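As structure tokens, the structure follows; a few thoughts come after it.
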Amino acid sequence: MSSSPIVPGSNLTPLALVKHLENKVLVGGQLIIPASKKTFPVHNPATMEVIGQAAHAQKEDVDSAVEVARKAQREWRHMDASSRGRLITQCAELLDQYQDELARLITLETGKALRTESQVEAKVFANTFRFYGGIALEMKGETIPFSDSMLSITIREPLGVVGAIIPWNVPLLLMSLKVAPALVAGNTVVVKSAEEAPFAVLRAAEIMNTILPPGVLNILSGDGPITGEALVKHPSISKVTFTGSVETGKLIYKNSSEKLIPVTLELGGKSPMIVCEDVDVEKAIKGAMASMRFTRQGQSCTAASRIFVHELIFDHFLEGLKAKLNELKMGDPMDPTTDIGAVISPEQHLKILNYIEMGKKEPGATAHICSDLPKDSKLSKGLFVQPVIFTGLPNSHQVNQEEIFGPVTALIPWRDFDQVIEQANDSTYGLAATLWTNNLTRALKGVHQLEAGFVQVNQNIVVQPGLSYGGVKSSGLGKEASLESMLEHFTHKKTIIFNMD
Ligand code: NAI
Ligand code: MG
């Protein structure tokens, strides 16, 4: 077995690791304090204690990171694709060894429960690099027949330096969906992490930089208006890939359009789940638990936040879902017995509580509040929210139309299948949808008529490396996670004709 590269700071506790990463960005293969020396505090959402200071990259810091990435791209793009793929695969193998460490860091800065969320994320993170490392040779082009003396072909070329802007809900996974295909295709990358969760991403990149050539993968932390905008507007950024809110997505689209560069936008959702009366209700309840991402406090763009349940099984479904939610333990996210952790920030906490209050005020609506808040005094300032199931709120209500990004879902009864499909589609979003039925006619009709980028019948799995993922309508532009998305969004086709007549 080949020996692994030496990764600095191994075997440190999550807090000691934060000390190692504090005030730094990763540029040119090194953790450095950026020239501007500006910083901002990062909190543990479960306690609201400051865990450390992150570097707040300013325009001049963005300029130097992009310049380093631009220079590194000259060599990286000419490395043969299989060698790039091999390096990315080696990153995956090394990241496997750091899953536990990365999971603890994710939990410390996001408040997500270690067992139910962060450990899973750290694993899928490494797997995304493994998937893309293995398909590097698929950067193929086409040939067009002309005559014996001519050859007409297309080849795939990288775009240049990619700016990747990511949010905090699944920071490592979302980083990998952008960085892995961009690098395999021969681009270099400057990532801007989310204000709330800068450290796990920085640490993961530090580990990968023991394998990658310097300057190929660079990480900046900072806010949206200063750091994010400087990255998007930088003249040497040839492509922007973003996951986050619709509002920010639109601004990024606008700023990118000034430079006529391509963008990929993975935005929000208000995903419907339709449950027919012919299903095993217990199985569908388990499906709702997974689809709504209750163990991630509902902080998912695909969260099943509108659950349409056939009226014949409505009461059964409601009681079953409440019972399952009440079994979940909310508490210290690092404790392996905890199922539900804290939400990310005071802003998100307030936003979620406001939506809950808004729903409660609606005449005829009931808020079924589930699970107990943690009693541990060290968590007394933590941003915990009890999961809520609303009944009696119509699909048209604001709570059922806007993305809450919290543990709040609504059960809406239905009788007519055509009408429920119409209601499910009555949303500005179109990211994901799930349909529960054993009736083949309904299943086929549903998958064809639901307006969503990702439709599943009788199951709910998360993003899978290999399967294209991305929304329609206000949920975004472009796809991620597949071979096709890498070719479409991180390369361009060059057409070449030889005439040797
Ligand atoms: P956001 O979209 O404002 O932030 C996401 C990322 O974009 C962060 O890295 C942020 O610094 C950056 N950003 C913000 N403004 C920017 C700008 N002008 N130029 C370039 N980059 C910019 O999302 P935020 O404020 O964290 O959450 C607000 C809402 O967005 C949430 O309540 C939720 O509804 C939605 N959201 C959706 C996510 C998804 O997975 N689709 C992830 C996170 C949030
Ligand atoms: Mg924002």
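Ligands are numbered from 1 in the order shown, residues from 1 within each chain, and chains are lettered A, B, ... in the order they appear in the structure tokens.
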Counting only C-alpha atoms and all ligand atoms, name the residues that have an atom within 12 Å of an atom of ligand 2; the answer should be given as a VMD selection string. chain A and resid 165 to 168 194 to 196 223 to 225 228 243 to 252 345 347 to 348
Written file, previous selection with C-alpha atoms, as a PDB file, in the first residue's frame:
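File result_5.pdb, as written:
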```pdb
ATOM      1  CA  ILE A 165     -20.082  29.966  -4.277  1.00  0.00           C
ATOM      2  CA  ILE A 166     -21.591  27.611  -1.738  1.00  0.00           C
ATOM      3  CA  PRO A 167     -24.018  27.757   1.197  1.00  0.00           C
ATOM      4  CA  TRP A 168     -23.854  26.316   4.704  1.00  0.00           C
ATOM      5  CA  ALA A 194     -20.509  30.396   3.365  1.00  0.00           C
ATOM      6  CA  GLU A 195     -20.050  32.875   6.241  1.00  0.00           C
ATOM      7  CA  GLU A 196     -21.605  30.412   8.692  1.00  0.00           C
ATOM      8  CA  ASP A 223     -19.484  37.517   2.850  1.00  0.00           C
ATOM      9  CA  GLY A 224     -21.676  37.843  -0.232  1.00  0.00           C
ATOM     10  CA  PRO A 225     -21.559  41.556  -1.056  1.00  0.00           C
ATOM     11  CA  GLY A 228     -18.801  36.838  -3.370  1.00  0.00           C
ATOM     12  CA  THR A 243     -26.007  27.012  -4.659  1.00  0.00           C
ATOM     13  CA  GLY A 244     -28.182  29.156  -2.408  1.00  0.00           C
ATOM     14  CA  SER A 245     -31.210  31.430  -2.387  1.00  0.00           C
ATOM     15  CA  VAL A 246     -33.198  32.537  -5.419  1.00  0.00           C
ATOM     16  CA  GLU A 247     -32.548  36.177  -4.570  1.00  0.00           C
ATOM     17  CA  THR A 248     -28.753  35.772  -4.535  1.00  0.00           C
ATOM     18  CA  GLY A 249     -28.941  33.468  -7.571  1.00  0.00           C
ATOM     19  CA  LYS A 250     -30.632  36.193  -9.587  1.00  0.00           C
ATOM     20  CA  LEU A 251     -27.993  38.739  -8.576  1.00  0.00           C
ATOM     21  CA  ILE A 252     -25.191  36.357  -9.535  1.00  0.00           C
ATOM     22  CA  SER A 345     -28.041  31.173  12.515  1.00  0.00           C
ATOM     23  CA  GLU A 347     -31.448  35.038  11.194  1.00  0.00           C
ATOM     24  CA  GLN A 348     -32.643  31.617  10.044  1.00  0.00           C
TER      25      GLN A 348
END
```
Please report as a Markdown table every residue of range 400-477 of chain A lying within 10 Å of range 118-133 of chain A, along with the nearest atom pair and their distance in Å (one decimal), using only C-alpha atoms.
```
| residue | atom | partner | partner_atom | distance |
| --- | --- | --- | --- | --- |
| A:Val463 | CA | A:Val124 | CA | 9.2 |
| A:Gln464 | CA | A:Thr128 | CA | 8.5 |
| A:Pro465 | CA | A:Thr128 | CA | 5.9 |
| A:Gly466 | CA | A:Phe131 | CA | 7.5 |
```
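Comparing the minimum interatomic distances between ligand 1 and each of A:Lys378, A:Lys192, A:His78, A:His492, counting only C-alpha atoms and all ligand atoms, we find that A:Lys192 sits nearest.
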Leu108 in chain A environment, 12 Å, only C-alpha atoms, sequence neighbours closer than 2 positions dropped, as a ChimeraX atom specification: /A:13-18,42-52,101-106,110-114,118,196-200,332-335,341-342,344
Take the residues that were just selected and, keeping N, CA and C atoms, output them as a CSV table (one decimal), in the first residue's frame.
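File produced: selection07.csv:
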```csv
chain,number,residue,atom,x,y,z
A,13,THR,N,-8.5,18.0,17.9
A,13,THR,CA,-9.9,18.1,18.2
A,13,THR,C,-10.5,19.1,17.3
A,14,PRO,N,-11.9,19.1,17.1
A,14,PRO,CA,-12.4,20.1,16.1
A,14,PRO,C,-12.1,21.6,16.5
A,15,LEU,N,-12.1,21.9,17.8
A,15,LEU,CA,-11.8,23.3,18.2
A,15,LEU,C,-10.3,23.6,18.0
A,16,ALA,N,-9.4,22.6,18.2
A,16,ALA,CA,-8.0,22.9,17.9
A,16,ALA,C,-7.8,23.0,16.4
A,17,LEU,N,-8.6,22.3,15.6
A,17,LEU,CA,-8.4,22.4,14.2
A,17,LEU,C,-8.9,23.8,13.7
A,18,VAL,N,-9.9,24.3,14.4
A,18,VAL,CA,-10.4,25.7,14.0
A,18,VAL,C,-9.2,26.6,14.3
A,42,VAL,N,-17.2,33.1,13.8
A,42,VAL,CA,-18.0,32.0,13.5
A,42,VAL,C,-18.5,31.3,14.8
A,43,HIS,N,-19.8,31.0,14.8
A,43,HIS,CA,-20.4,30.4,16.0
A,43,HIS,C,-20.8,28.9,15.9
A,44,ASN,N,-20.9,28.3,17.1
A,44,ASN,CA,-21.5,27.0,17.1
A,44,ASN,C,-23.0,27.2,17.4
A,45,PRO,N,-23.8,26.9,16.4
A,45,PRO,CA,-25.2,27.2,16.6
A,45,PRO,C,-25.9,26.4,17.8
A,46,ALA,N,-25.3,25.4,18.3
A,46,ALA,CA,-25.9,24.6,19.4
A,46,ALA,C,-25.7,25.3,20.7
A,47,THR,N,-24.7,26.3,20.8
A,47,THR,CA,-24.4,27.0,22.0
A,47,THR,C,-24.3,28.5,21.8
A,48,MET,N,-24.2,28.9,20.6
A,48,MET,CA,-23.9,30.3,20.2
A,48,MET,C,-22.6,30.8,20.7
A,49,GLU,N,-21.7,29.9,21.1
A,49,GLU,CA,-20.3,30.3,21.5
A,49,GLU,C,-19.5,30.6,20.2
A,50,VAL,N,-18.6,31.6,20.2
A,50,VAL,CA,-17.7,31.8,19.1
A,50,VAL,C,-16.7,30.7,19.1
A,51,ILE,N,-16.6,30.0,17.9
A,51,ILE,CA,-15.6,28.9,17.9
A,51,ILE,C,-14.3,29.4,17.3
A,52,GLY,N,-14.3,30.6,16.6
A,52,GLY,CA,-13.1,31.1,16.0
A,52,GLY,C,-13.4,32.2,15.0
A,101,GLU,N,-13.0,13.2,11.2
A,101,GLU,CA,-12.6,14.6,11.6
A,101,GLU,C,-13.4,15.7,10.9
A,102,LEU,N,-13.6,15.4,9.6
A,102,LEU,CA,-14.4,16.4,8.8
A,102,LEU,C,-15.9,16.5,9.3
A,103,ALA,N,-16.4,15.3,9.7
A,103,ALA,CA,-17.8,15.3,10.2
A,103,ALA,C,-17.9,16.1,11.5
A,104,ARG,N,-16.9,16.0,12.3
A,104,ARG,CA,-17.0,16.7,13.6
A,104,ARG,C,-16.9,18.2,13.4
A,105,LEU,N,-16.1,18.6,12.4
A,105,LEU,CA,-15.9,20.0,12.1
A,105,LEU,C,-17.2,20.6,11.5
A,106,ILE,N,-17.9,19.8,10.6
A,106,ILE,CA,-19.2,20.2,10.1
A,106,ILE,C,-20.2,20.4,11.2
A,110,THR,N,-22.0,23.9,12.0
A,110,THR,CA,-23.4,24.0,11.4
A,110,THR,C,-24.4,23.6,12.5
A,111,GLY,N,-24.1,22.9,13.5
A,111,GLY,CA,-25.1,22.5,14.5
A,111,GLY,C,-25.8,21.3,14.0
A,112,LYS,N,-25.4,20.7,12.9
A,112,LYS,CA,-26.1,19.4,12.4
A,112,LYS,C,-25.7,18.2,13.2
A,113,ALA,N,-26.6,17.3,13.5
A,113,ALA,CA,-26.2,16.2,14.3
A,113,ALA,C,-25.2,15.3,13.6
A,114,LEU,N,-24.2,14.9,14.4
A,114,LEU,CA,-23.0,14.1,13.9
A,114,LEU,C,-23.5,12.8,13.2
A,118,SER,N,-23.8,14.7,9.7
A,118,SER,CA,-22.4,15.1,9.2
A,118,SER,C,-21.6,13.9,8.8
A,196,GLU,N,-21.3,31.2,7.5
A,196,GLU,CA,-21.6,30.4,8.7
A,196,GLU,C,-20.7,29.2,8.8
A,197,ALA,N,-20.2,28.6,7.7
A,197,ALA,CA,-19.5,27.3,7.7
A,197,ALA,C,-18.3,27.4,6.9
A,198,PRO,N,-17.2,28.1,7.3
A,198,PRO,CA,-16.0,28.2,6.5
A,198,PRO,C,-15.0,27.1,6.8
A,199,PHE,N,-15.0,26.5,7.9
A,199,PHE,CA,-13.8,25.7,8.4
A,199,PHE,C,-13.8,24.3,7.8
A,200,ALA,N,-14.9,23.6,7.7
A,200,ALA,CA,-14.8,22.2,7.2
A,200,ALA,C,-14.3,22.2,5.7
A,332,ASP,N,-27.5,17.9,21.9
A,332,ASP,CA,-26.1,18.2,21.6
A,332,ASP,C,-25.8,17.5,20.2
A,333,PRO,N,-25.5,18.3,19.2
A,333,PRO,CA,-25.2,17.6,17.9
A,333,PRO,C,-24.0,16.7,17.9
A,334,MET,N,-23.1,16.9,18.8
A,334,MET,CA,-21.9,16.0,18.8
A,334,MET,C,-22.2,14.6,19.5
A,335,ASP,N,-23.3,14.6,20.3
A,335,ASP,CA,-23.7,13.4,21.0
A,335,ASP,C,-24.2,12.3,20.0
A,341,GLY,N,-30.2,18.4,15.5
A,341,GLY,CA,-29.4,19.4,16.0
A,341,GLY,C,-30.1,20.8,16.0
A,342,ALA,N,-29.2,21.8,15.9
A,342,ALA,CA,-29.7,23.2,15.9
A,342,ALA,C,-29.8,23.8,14.4
A,344,ILE,N,-29.0,26.9,11.7
A,344,ILE,CA,-27.7,27.5,11.5
A,344,ILE,C,-27.4,28.9,12.1
```
Each residue of range 161-184 of chain A lying at most 12 Å from range 154-157 of chain A should get a row with its shortest atom-to-atom pair and the distance in Å to one decimal, counting only C-alpha atoms; could you produce that, ordered by chain and increasing number, as CSV?
```
residue,atom,partner,partner_atom,distance
A:Ala182,CA,A:Glu157,CA,11.3
A:Leu183,CA,A:Glu157,CA,11.9
A:Val184,CA,A:Glu157,CA,11.1
```
Would you mind listing what lies within 6 Å of range 235-239 of chain A as number ranges by chain, with only C-alpha atoms counted and same-chain residues fewer than 4 positions away left out? A: 160-162, 261-263
May I have the residues from that selection written out with N, CA and C atoms, as a PDB file, in the first residue's frame?
```
ATOM      1  N   GLY A 160     -11.691  27.479 -17.870  1.00  0.00           N
ATOM      2  CA  GLY A 160     -10.692  28.392 -17.290  1.00  0.00           C
ATOM      3  C   GLY A 160     -10.732  28.339 -15.776  1.00  0.00           C
ATOM      4  N   VAL A 161     -10.900  29.507 -15.130  1.00  0.00           N
ATOM      5  CA  VAL A 161     -10.992  29.532 -13.668  1.00  0.00           C
ATOM      6  C   VAL A 161     -12.474  29.608 -13.285  1.00  0.00           C
ATOM      7  N   VAL A 162     -12.899  28.671 -12.453  1.00  0.00           N
ATOM      8  CA  VAL A 162     -14.296  28.603 -12.019  1.00  0.00           C
ATOM      9  C   VAL A 162     -14.429  29.252 -10.641  1.00  0.00           C
ATOM     10  N   ILE A 261     -20.628  35.235 -19.161  1.00  0.00           N
ATOM     11  CA  ILE A 261     -20.057  33.932 -18.799  1.00  0.00           C
ATOM     12  C   ILE A 261     -21.182  32.987 -18.358  1.00  0.00           C
ATOM     13  N   PRO A 262     -20.985  31.678 -18.543  1.00  0.00           N
ATOM     14  CA  PRO A 262     -22.032  30.725 -18.146  1.00  0.00           C
ATOM     15  C   PRO A 262     -22.148  30.585 -16.627  1.00  0.00           C
ATOM     16  N   VAL A 263     -23.347  30.283 -16.170  1.00  0.00           N
ATOM     17  CA  VAL A 263     -23.578  30.064 -14.735  1.00  0.00           C
ATOM     18  C   VAL A 263     -24.377  28.779 -14.537  1.00  0.00           C
TER      19      VAL A 263
END
```
Enumerate, as a VMD selection string, the complete set of residues in range 95-295 of chain A that a backbone-based DSSP assignment places in strand (DSSP E or B). chain A and resid 143 to 144 150 to 158 161 to 165 188 to 192 217 to 220 237 to 243 263 to 266 272 to 275
Could you write out the selected residues, including N, CA, C and O atoms, as a compact mmCIF listing (two decimals), in the first residue's frame?
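Generated file (part_35.txt):
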```txt
# COMPACT_ATOMS: atom_id res chain seq x y z
N THR A 143 -16.79 12.96 -34.17
CA THR A 143 -16.21 13.11 -35.52
C THR A 143 -17.36 13.21 -36.52
O THR A 143 -18.40 12.59 -36.32
N ILE A 144 -17.13 13.99 -37.54
CA ILE A 144 -18.17 14.16 -38.56
C ILE A 144 -17.58 13.73 -39.90
O ILE A 144 -16.50 14.18 -40.26
N MET A 150 -10.39 14.83 -45.45
CA MET A 150 -10.76 15.78 -44.38
C MET A 150 -11.08 15.05 -43.10
O MET A 150 -11.52 13.91 -43.10
N LEU A 151 -10.83 15.77 -42.00
CA LEU A 151 -11.23 15.23 -40.69
C LEU A 151 -11.88 16.36 -39.92
O LEU A 151 -11.29 17.43 -39.75
N SER A 152 -13.08 16.12 -39.48
CA SER A 152 -13.76 17.15 -38.70
C SER A 152 -14.14 16.57 -37.35
O SER A 152 -14.81 15.54 -37.26
N ILE A 153 -13.67 17.23 -36.31
CA ILE A 153 -13.89 16.68 -34.96
C ILE A 153 -14.27 17.80 -33.98
O ILE A 153 -14.07 18.98 -34.27
N THR A 154 -14.81 17.38 -32.85
CA THR A 154 -14.94 18.33 -31.74
C THR A 154 -14.13 17.77 -30.57
O THR A 154 -14.05 16.55 -30.40
N ILE A 155 -13.53 18.67 -29.81
CA ILE A 155 -12.85 18.26 -28.58
C ILE A 155 -13.42 19.07 -27.42
O ILE A 155 -13.96 20.16 -27.63
N ARG A 156 -13.32 18.51 -26.22
CA ARG A 156 -13.79 19.20 -25.02
C ARG A 156 -12.64 19.95 -24.38
O ARG A 156 -11.60 19.34 -24.09
N GLU A 157 -12.83 21.25 -24.14
CA GLU A 157 -11.79 22.03 -23.46
C GLU A 157 -12.35 22.62 -22.17
O GLU A 157 -13.54 22.96 -22.10
N PRO A 158 -11.50 22.79 -21.15
CA PRO A 158 -11.98 23.43 -19.93
C PRO A 158 -12.33 24.90 -20.18
O PRO A 158 -11.90 25.49 -21.18
N VAL A 161 -10.90 29.51 -15.13
CA VAL A 161 -10.99 29.53 -13.67
C VAL A 161 -12.47 29.61 -13.28
O VAL A 161 -13.20 30.50 -13.75
N VAL A 162 -12.90 28.67 -12.45
CA VAL A 162 -14.30 28.60 -12.02
C VAL A 162 -14.43 29.25 -10.64
O VAL A 162 -13.63 28.98 -9.74
N GLY A 163 -15.43 30.10 -10.48
CA GLY A 163 -15.77 30.65 -9.16
C GLY A 163 -16.93 29.84 -8.61
O GLY A 163 -17.98 29.75 -9.26
N ALA A 164 -16.74 29.24 -7.45
CA ALA A 164 -17.79 28.38 -6.86
C ALA A 164 -18.26 29.02 -5.56
O ALA A 164 -17.46 29.25 -4.66
N ILE A 165 -19.53 29.32 -5.48
CA ILE A 165 -20.08 29.97 -4.28
C ILE A 165 -21.07 29.00 -3.63
O ILE A 165 -22.01 28.54 -4.28
N THR A 188 -9.36 25.28 -13.05
CA THR A 188 -8.96 25.45 -11.66
C THR A 188 -10.09 26.21 -10.97
O THR A 188 -10.98 26.76 -11.64
N VAL A 189 -10.08 26.20 -9.63
CA VAL A 189 -11.26 26.69 -8.90
C VAL A 189 -10.87 27.63 -7.77
O VAL A 189 -9.89 27.40 -7.06
N VAL A 190 -11.70 28.67 -7.60
CA VAL A 190 -11.66 29.47 -6.37
C VAL A 190 -13.04 29.32 -5.74
O VAL A 190 -14.06 29.67 -6.35
N VAL A 191 -13.08 28.73 -4.53
CA VAL A 191 -14.34 28.54 -3.82
C VAL A 191 -14.52 29.69 -2.85
O VAL A 191 -13.57 30.09 -2.18
N LYS A 192 -15.75 30.20 -2.74
CA LYS A 192 -16.06 31.09 -1.61
C LYS A 192 -17.04 30.32 -0.72
O LYS A 192 -18.14 29.99 -1.11
N LEU A 217 -6.82 24.26 -6.50
CA LEU A 217 -8.01 24.41 -5.67
C LEU A 217 -7.72 25.43 -4.57
O LEU A 217 -6.88 25.20 -3.70
N ASN A 218 -8.42 26.56 -4.63
CA ASN A 218 -8.20 27.66 -3.67
C ASN A 218 -9.50 27.95 -2.92
O ASN A 218 -10.57 27.86 -3.51
N ILE A 219 -9.38 28.30 -1.65
CA ILE A 219 -10.57 28.53 -0.83
C ILE A 219 -10.49 29.91 -0.17
O ILE A 219 -9.51 30.22 0.53
N LEU A 220 -11.55 30.69 -0.36
CA LEU A 220 -11.68 31.97 0.33
C LEU A 220 -12.90 31.91 1.23
O LEU A 220 -13.88 31.24 0.89
N ILE A 237 -12.56 35.20 -14.08
CA ILE A 237 -13.47 34.08 -13.76
C ILE A 237 -14.32 33.79 -14.99
O ILE A 237 -15.03 34.66 -15.49
N SER A 238 -14.23 32.56 -15.50
CA SER A 238 -14.90 32.22 -16.76
C SER A 238 -16.20 31.48 -16.56
O SER A 238 -16.88 31.13 -17.53
N LYS A 239 -16.51 31.16 -15.31
CA LYS A 239 -17.73 30.38 -15.05
C LYS A 239 -18.06 30.53 -13.57
O LYS A 239 -17.15 30.52 -12.73
N VAL A 240 -19.34 30.70 -13.27
CA VAL A 240 -19.75 30.74 -11.86
C VAL A 240 -20.71 29.60 -11.61
O VAL A 240 -21.64 29.36 -12.40
N THR A 241 -20.49 28.89 -10.53
CA THR A 241 -21.42 27.85 -10.11
C THR A 241 -21.84 28.15 -8.68
O THR A 241 -21.00 28.41 -7.83
N PHE A 242 -23.16 28.14 -8.44
CA PHE A 242 -23.69 28.66 -7.18
C PHE A 242 -24.79 27.76 -6.64
O PHE A 242 -25.60 27.24 -7.41
N THR A 243 -24.84 27.59 -5.33
CA THR A 243 -26.01 27.01 -4.66
C THR A 243 -26.41 27.96 -3.55
O THR A 243 -25.56 28.40 -2.77
N VAL A 263 -23.35 30.28 -16.17
CA VAL A 263 -23.58 30.06 -14.74
C VAL A 263 -24.38 28.78 -14.54
O VAL A 263 -25.16 28.39 -15.40
N THR A 264 -24.15 28.16 -13.41
CA THR A 264 -25.03 27.07 -12.96
C THR A 264 -25.63 27.54 -11.64
O THR A 264 -24.89 28.01 -10.76
N LEU A 265 -26.94 27.46 -11.51
CA LEU A 265 -27.61 27.94 -10.30
C LEU A 265 -28.47 26.83 -9.71
O LEU A 265 -29.39 26.34 -10.38
N GLU A 266 -28.14 26.41 -8.49
CA GLU A 266 -28.99 25.45 -7.77
C GLU A 266 -29.67 26.24 -6.67
O GLU A 266 -29.03 26.61 -5.68
N PRO A 272 -43.09 19.11 -3.40
CA PRO A 272 -44.28 18.37 -3.00
C PRO A 272 -44.01 16.88 -2.83
O PRO A 272 -43.14 16.31 -3.49
N MET A 273 -44.77 16.27 -1.93
CA MET A 273 -44.80 14.80 -1.82
C MET A 273 -46.28 14.45 -1.91
O MET A 273 -47.10 15.04 -1.19
N ILE A 274 -46.62 13.52 -2.80
CA ILE A 274 -48.03 13.13 -2.96
C ILE A 274 -48.18 11.69 -2.48
O ILE A 274 -47.44 10.80 -2.92
N VAL A 275 -49.10 11.46 -1.56
CA VAL A 275 -49.29 10.11 -1.02
C VAL A 275 -50.68 9.62 -1.41
O VAL A 275 -51.69 10.24 -1.05
```
Write out as JSON, numbers by chain all residues of range 46-154 of chain A that backbone DSSP assigns to helix (DSSP H, G or I). {"A": [59, 60, 61, 62, 63, 64, 65, 66, 67, 68, 69, 70, 71, 72, 73, 74, 75, 76, 81, 82, 83, 84, 85, 86, 87, 88, 89, 90, 91, 92, 93, 94, 95, 96, 97, 99, 100, 101, 102, 103, 104, 105, 106, 107, 108, 109, 110, 114, 115, 116, 117, 118, 119, 120, 121, 122, 123, 124, 125, 126, 127, 128, 129, 130, 131, 132, 133, 134, 136, 137, 138]}
